[in-house]
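J.: Dropping in structure-v4.pdb, with PDB, C-alpha atoms.
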MODEL        1
ATOM      1  CA  MET A 931       8.373  -5.495  40.154
ATOM      2  CA  LYS A 932       6.162  -3.181  38.202
ATOM      3  CA  LYS A 933       4.318  -4.524  35.156
ATOM      4  CA  ASP A 934       4.712  -2.723  31.837
ATOM      5  CA  SER A 935       1.734  -0.677  30.915
ATOM      6  CA  THR A 936      -0.259  -1.686  27.873
ATOM      7  CA  GLY A 937       1.021   1.359  25.962
ATOM      8  CA  ALA A 938       4.657   0.460  26.628
ATOM      9  CA  LEU A 939       4.056  -3.147  25.569
ATOM     10  CA  ILE A 940       2.438  -2.043  22.327
ATOM     11  CA  PHE A 941       5.364   0.309  21.712
ATOM     12  CA  LYS A 942       7.915  -2.514  22.272
ATOM     13  CA  LEU A 943       6.026  -4.859  19.961
ATOM     14  CA  GLY A 944       5.802  -2.098  17.355
ATOM     15  CA  ILE A 945       9.576  -1.540  17.482
ATOM     16  CA  ILE A 946      10.228  -5.298  17.190
ATOM     17  CA  LEU A 947       7.850  -5.543  14.235
ATOM     18  CA  LEU A 948       9.535  -2.535  12.611
ATOM     19  CA  LEU A 949      12.981  -4.147  13.001
ATOM     20  CA  VAL A 950      11.785  -7.473  11.584
ATOM     21  CA  CYS A 951      10.218  -5.692   8.603
ATOM     22  CA  ALA A 952      13.408  -3.672   8.030
ATOM     23  CA  VAL A 953      15.553  -6.822   8.032
ATOM     24  CA  VAL A 954      13.183  -8.663   5.673
ATOM     25  CA  ALA A 955      13.007  -5.647   3.339
ATOM     26  CA  GLY A 956      16.795  -5.440   3.328
ATOM     27  CA  VAL A 957      17.153  -9.130   2.474
ATOM     28  CA  LEU A 958      14.574  -8.802  -0.332
ATOM     29  CA  GLY A 959      16.434  -5.777  -1.679
ATOM     30  CA  VAL A 960      19.729  -7.681  -1.755
ATOM     31  CA  VAL A 961      18.111 -10.706  -3.437
ATOM     32  CA  ASN A 962      16.498  -8.398  -5.997
ATOM     33  CA  GLU A 963      19.863  -6.768  -6.743
ATOM     34  CA  ILE A 964      21.523 -10.154  -7.180
ATOM     35  CA  THR A 965      18.814 -11.566  -9.483
ATOM     36  CA  ALA A 966      17.727  -8.456 -11.440
ATOM     37  CA  ASP A 967      20.186  -8.903 -14.323
ATOM     38  CA  ARG A 968      19.378 -12.594 -14.703
ATOM     39  CA  ILE A 969      15.623 -11.940 -14.677
ATOM     40  CA  TYR A 970      16.030  -9.171 -17.254
ATOM     41  CA  GLN A 971      18.145 -11.451 -19.476
ATOM     42  CA  GLN A 972      15.607 -14.283 -19.293
ATOM     43  CA  LYS A 973      12.789 -11.874 -20.146
ATOM     44  CA  ARG A 974      14.727 -10.555 -23.172
ATOM     45  CA  GLU A 975      15.429 -14.112 -24.369
ATOM     46  CA  LYS A 976      11.767 -15.066 -24.038
ATOM     47  CA  THR A 977      10.704 -11.931 -25.914
ATOM     48  CA  PHE A 978      13.265 -12.520 -28.697
ATOM     49  CA  ALA A 979      12.061 -16.122 -29.009
ATOM     50  CA  ALA A 980       8.490 -14.838 -29.351
ATOM     51  CA  TYR A 981       9.607 -12.315 -31.988
ATOM     52  CA  SER A 982      11.464 -15.034 -33.912
ATOM     53  CA  ALA A 983       8.449 -17.341 -33.759
ATOM     54  CA  VAL A 984       6.163 -14.814 -35.467
ATOM     55  CA  LEU A 985       8.654 -13.140 -37.828
ATOM     56  CA  PRO A 986      12.199 -14.520 -37.925
ATOM     57  CA  ALA A 987      14.992 -11.927 -38.185
ATOM     58  CA  ALA A 988      18.503 -11.411 -36.832
ATOM     59  CA  GLU A 989      17.587  -8.054 -35.300
ATOM     60  CA  TYR A 990      14.602  -5.833 -34.662
ATOM     61  CA  GLU A 991      14.626  -2.040 -34.481
ATOM     62  CA  GLU A 992      12.027  -0.058 -32.573
ATOM     63  CA  VAL A 993       9.928   2.369 -34.591
ATOM     64  CA  GLY A 994       7.740   5.193 -33.358
ATOM     65  CA  PHE A 995       3.957   5.206 -33.486
ATOM     66  CA  ASP A 996       1.044   7.173 -32.032
ATOM     67  CA  LYS A 997       0.528   5.452 -28.657
ATOM     68  CA  SER A 998      -2.616   7.527 -27.990
ATOM     69  CA  GLN A 999      -4.288   5.983 -31.036
ATOM     70  CA  PHE A1000      -3.288   2.394 -30.166
ATOM     71  CA  GLY A1001      -3.417   2.157 -26.379
ATOM     72  CA  THR A1002      -2.888  -1.601 -26.119
ATOM     73  CA  VAL A1003       0.239  -1.571 -28.306
ATOM     74  CA  ASP A1004       3.435  -1.483 -26.220
ATOM     75  CA  ILE A1005       6.098  -1.429 -28.909
ATOM     76  CA  ILE A1006       6.501  -1.878 -32.658
ATOM     77  CA  GLU A1007       9.798  -3.144 -34.031
ATOM     78  CA  LYS A1008      10.823  -3.493 -37.659
ATOM     79  CA  ALA A1009      12.535  -6.732 -38.617
ATOM     80  CA  ASP A1010      15.928  -6.277 -40.282
ATOM     81  CA  GLY A1011      15.805  -6.482 -44.037
ATOM     82  CA  GLY A1012      12.324  -4.951 -44.131
ATOM     83  CA  GLU A1013      10.593  -8.337 -43.794
ATOM     84  CA  GLY A1014       7.839  -6.857 -41.664
ATOM     85  CA  TYR A1015       7.115  -5.793 -38.113
ATOM     86  CA  VAL A1016       6.607  -7.342 -34.709
ATOM     87  CA  VAL A1017       4.082  -5.689 -32.445
ATOM     88  CA  GLN A1018       4.059  -6.311 -28.710
ATOM     89  CA  THR A1019       0.656  -5.661 -27.214
ATOM     90  CA  THR A1020      -0.827  -5.964 -23.724
ATOM     91  CA  PHE A1021      -4.588  -6.225 -23.395
ATOM     92  CA  SER A1022      -7.300  -7.514 -21.094
ATOM     93  CA  GLY A1023      -8.367 -11.150 -21.387
ATOM     94  CA  ALA A1024     -10.996 -13.009 -19.395
ATOM     95  CA  GLN A1025      -8.969 -13.272 -16.166
ATOM     96  CA  GLY A1026      -6.344 -10.550 -16.478
ATOM     97  CA  MET A1027      -3.787  -9.070 -18.791
ATOM     98  CA  ILE A1028      -2.315 -10.895 -21.791
ATOM     99  CA  THR A1029       0.997  -9.875 -23.369
ATOM    100  CA  MET A1030       1.363 -11.066 -26.932
ATOM    101  CA  VAL A1031       3.584 -10.531 -29.963
ATOM    102  CA  VAL A1032       2.022 -10.260 -33.417
ATOM    103  CA  GLY A1033       4.046 -10.579 -36.603
ATOM    104  CA  VAL A1034       2.814  -8.323 -39.407
ATOM    105  CA  LYS A1035       3.941  -8.643 -43.031
ATOM    106  CA  GLU A1036       2.977  -6.838 -46.202
ATOM    107  CA  SER A1037       1.008  -9.143 -48.498
ATOM    108  CA  GLY A1038       0.336  -7.500 -51.814
ATOM    109  CA  SER A1039      -1.446  -4.246 -51.075
ATOM    110  CA  LYS A1040      -2.362  -5.032 -47.457
ATOM    111  CA  TYR A1041      -0.793  -6.088 -44.183
ATOM    112  CA  THR A1042      -1.508  -9.493 -42.701
ATOM    113  CA  CYS A1043      -0.622 -11.452 -39.587
ATOM    114  CA  SER A1044       2.388 -13.751 -39.950
ATOM    115  CA  GLY A1045       1.839 -15.338 -36.532
ATOM    116  CA  ILE A1046       1.150 -14.706 -32.855
ATOM    117  CA  SER A1047       3.015 -15.708 -29.728
ATOM    118  CA  ILE A1048       1.631 -15.218 -26.223
ATOM    119  CA  ILE A1049       4.401 -14.170 -23.828
ATOM    120  CA  SER A1050       2.411 -14.028 -20.589
ATOM    121  CA  HIS A1051      -1.174 -14.387 -19.410
ATOM    122  CA  SER A1052      -3.339 -15.145 -16.397
ATOM    123  CA  GLU A1053      -6.124 -16.967 -18.204
ATOM    124  CA  THR A1054      -8.002 -19.924 -16.738
ATOM    125  CA  SER A1055      -6.146 -23.220 -17.027
ATOM    126  CA  GLY A1056      -7.860 -25.511 -19.534
ATOM    127  CA  LEU A1057      -9.852 -22.664 -21.063
ATOM    128  CA  GLY A1058      -8.244 -19.342 -22.019
ATOM    129  CA  ALA A1059      -4.777 -20.677 -21.177
ATOM    130  CA  VAL A1060      -5.117 -23.019 -24.165
ATOM    131  CA  ALA A1061      -4.339 -19.982 -26.356
ATOM    132  CA  ALA A1062      -0.730 -20.059 -25.145
ATOM    133  CA  SER A1063      -0.350 -23.823 -24.723
ATOM    134  CA  SER A1064       1.633 -26.164 -26.919
ATOM    135  CA  SER A1065      -1.414 -28.422 -27.270
ATOM    136  CA  GLU A1066      -2.914 -29.185 -30.671
ATOM    137  CA  LYS A1067      -5.833 -26.843 -29.905
ATOM    138  CA  GLY A1068      -3.443 -24.040 -28.874
ATOM    139  CA  GLU A1069      -1.361 -24.470 -32.018
ATOM    140  CA  SER A1070      -4.511 -24.534 -34.162
ATOM    141  CA  PHE A1071      -5.850 -21.398 -32.462
ATOM    142  CA  ARG A1072      -2.631 -19.417 -33.004
ATOM    143  CA  SER A1073      -2.069 -20.605 -36.569
ATOM    144  CA  SER A1074      -5.619 -19.624 -37.546
ATOM    145  CA  PHE A1075      -4.507 -15.953 -37.418
ATOM    146  CA  ILE A1076      -1.847 -16.386 -40.105
ATOM    147  CA  GLY A1077      -2.756 -14.539 -43.300
ATOM    148  CA  LYS A1078      -5.623 -12.584 -41.707
ATOM    149  CA  ASP A1079      -5.811  -8.805 -42.128
ATOM    150  CA  LYS A1080      -7.106  -5.928 -39.978
ATOM    151  CA  ASN A1081     -10.732  -6.903 -40.682
ATOM    152  CA  ILE A1082     -10.393 -10.193 -38.808
ATOM    153  CA  LYS A1083     -13.418 -11.299 -36.780
ATOM    154  CA  ILE A1084     -13.788 -14.112 -34.264
ATOM    155  CA  ALA A1085     -15.751 -16.076 -36.897
ATOM    156  CA  ASP A1086     -12.581 -16.101 -39.064
ATOM    157  CA  ILE A1087     -10.479 -18.095 -36.591
ATOM    158  CA  ASP A1088     -10.449 -21.453 -34.818
ATOM    159  CA  ALA A1089     -11.809 -20.037 -31.543
ATOM    160  CA  ILE A1090     -11.328 -21.876 -28.260
ATOM    161  CA  SER A1091     -14.501 -23.531 -26.927
ATOM    162  CA  GLY A1092     -15.427 -22.129 -23.529
ATOM    163  CA  ALA A1093     -12.969 -19.257 -23.897
ATOM    164  CA  THR A1094     -14.918 -16.796 -26.003
ATOM    165  CA  ILE A1095     -13.635 -13.745 -24.122
ATOM    166  CA  THR A1096      -9.992 -14.781 -24.600
ATOM    167  CA  SER A1097     -10.559 -15.657 -28.263
ATOM    168  CA  LYS A1098     -12.280 -12.340 -28.920
ATOM    169  CA  ALA A1099      -9.622 -10.347 -27.034
ATOM    170  CA  VAL A1100      -6.773 -11.961 -28.989
ATOM    171  CA  THR A1101      -8.636 -11.391 -32.270
ATOM    172  CA  GLU A1102      -9.151  -7.700 -31.477
ATOM    173  CA  ALA A1103      -5.490  -7.335 -30.427
ATOM    174  CA  VAL A1104      -4.318  -8.826 -33.731
ATOM    175  CA  ALA A1105      -6.541  -6.405 -35.677
ATOM    176  CA  THR A1106      -5.209  -3.480 -33.611
ATOM    177  CA  ALA A1107      -1.585  -4.572 -34.175
ATOM    178  CA  ILE A1108      -2.119  -4.651 -37.945
ATOM    179  CA  LYS A1109      -3.798  -1.229 -37.886
ATOM    180  CA  ALA A1110      -0.888   0.171 -35.837
ATOM    181  CA  VAL A1111       1.616  -1.069 -38.433
ATOM    182  CA  GLU A1112      -0.487   0.387 -41.264
ATOM    183  CA  SER A1113      -0.405   3.761 -39.491
ATOM    184  CA  ILE A1114       3.402   3.914 -39.676
ATOM    185  CA  ALA A1115       4.077   2.145 -42.960
TER
ENDMDL
END
Write the structure described by the file as structure tokens, please.
T.:
Amino acid sequence: MKKDSTGALIFKLGIILLLVCAVVAGVLGVVNEITADRIYQQKREKTFAAYSAVLPAAEYEEVGFDKSQFGTVDIIEKADGGEGYVVQTTFSGAQGMITMVVGVKESGSKYTCSGISIISHSETSGLGAVAASSSEKGESFRSSFIGKDKNIKIADIDAISGATITSKAVTEAVATAIKAVESIA
């Protein structure tokens, strides 16, 4: 019996690896197809809950804005009844991207924050992640933005100890969200 040459063996192993990868990719594709609608629905529910937490309304309608001027703003939606706007923004935190919703209401002659809700983040547990937590410190941090206008600074809020970068990033995102609403109002 003649032994396979090294080249033939490598070729056989390559074909086997290709077949295994094709089967795995096919299975992942099928699973993705089966779960895509459910994942989308859960994401919409989570986003609507975040919208309702910062500015309650039955419906929200997307409005146009100059994306080139406000690069971190993903979408602005007007709450039904003209109560205000919700602004979804994605920006860089200390450990990665943070997606947050900011409620913006007209207060007298200026626009102010009616609340913030963090949808997703990759901040350090126990530090920057406190911004999104249901802990007393997280609640205090988020509520400290209520009533603040576009001139908000980190000194104006209840910043998170040890998470200066996250606190500053959220503060800047709130200011940008308010400025974006002012640009369309």
J.: Would you translate the PyMOL selection byres ((chain A and resi 1048-1053) around 8) into the concrete set of residues it matches in this file, as a list in words?
T.: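 Selection result, ordered by chain and number: Lys976, Thr977, Ala980, Gly1023, Ala1024, Gln1025, Gly1026, Met1027, Ile1028, Thr1029, Met1030, Val1031, Ile1046, Ser1047, Thr1054, Ser1055, Leu1057, Gly1058, Ala1059, Ala1061, Ala1062 and Thr1096 of chain A.
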J.: Considering only C-alpha atoms, can you say which of A:Gly937, A:Val1017, A:Ala1105, A:Ala983 comes closest to Gly1045 of chain A?
T.: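 Of the candidates, the smallest distance to Gly1045 of chain A is held by A:Ala983.
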J.: Evaluate the PyMOL selection byres ((chain A and resi 1084) around 10) here and jot the selected residues down as a ChimeraX atom specification.
T.: /A:1075,1082-1083,1085-1089,1094,1097-1102
J.: Give me, please, the distance in Å between atom CA of Glu963 of chain A and atom CA of Ile946 of chain A, quoted to one decimal.
T.: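 Distance reported for this atom pair: 25.8 Å.
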J.: Which distance in Å separates atom CA of Ala979 of chain A and atom CA of Val961 of chain A, to one decimal?
T.: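 Atom CA of Val961 of chain A lies at a distance of 26.8 Å from atom CA of Ala979 of chain A.
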J.: I'd like the neighbourhood of Gly1001 of chain A as a list in words, where a residue qualifies if any of its atoms comes within 9 Å (using only C-alpha atoms), though same-chain residues fewer than 3 positions away should be ignored.
T.: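 Everything that qualifies: Asp996, Lys997, Ser998, Asp1004, Thr1019, Thr1020 and Phe1021 of chain A.
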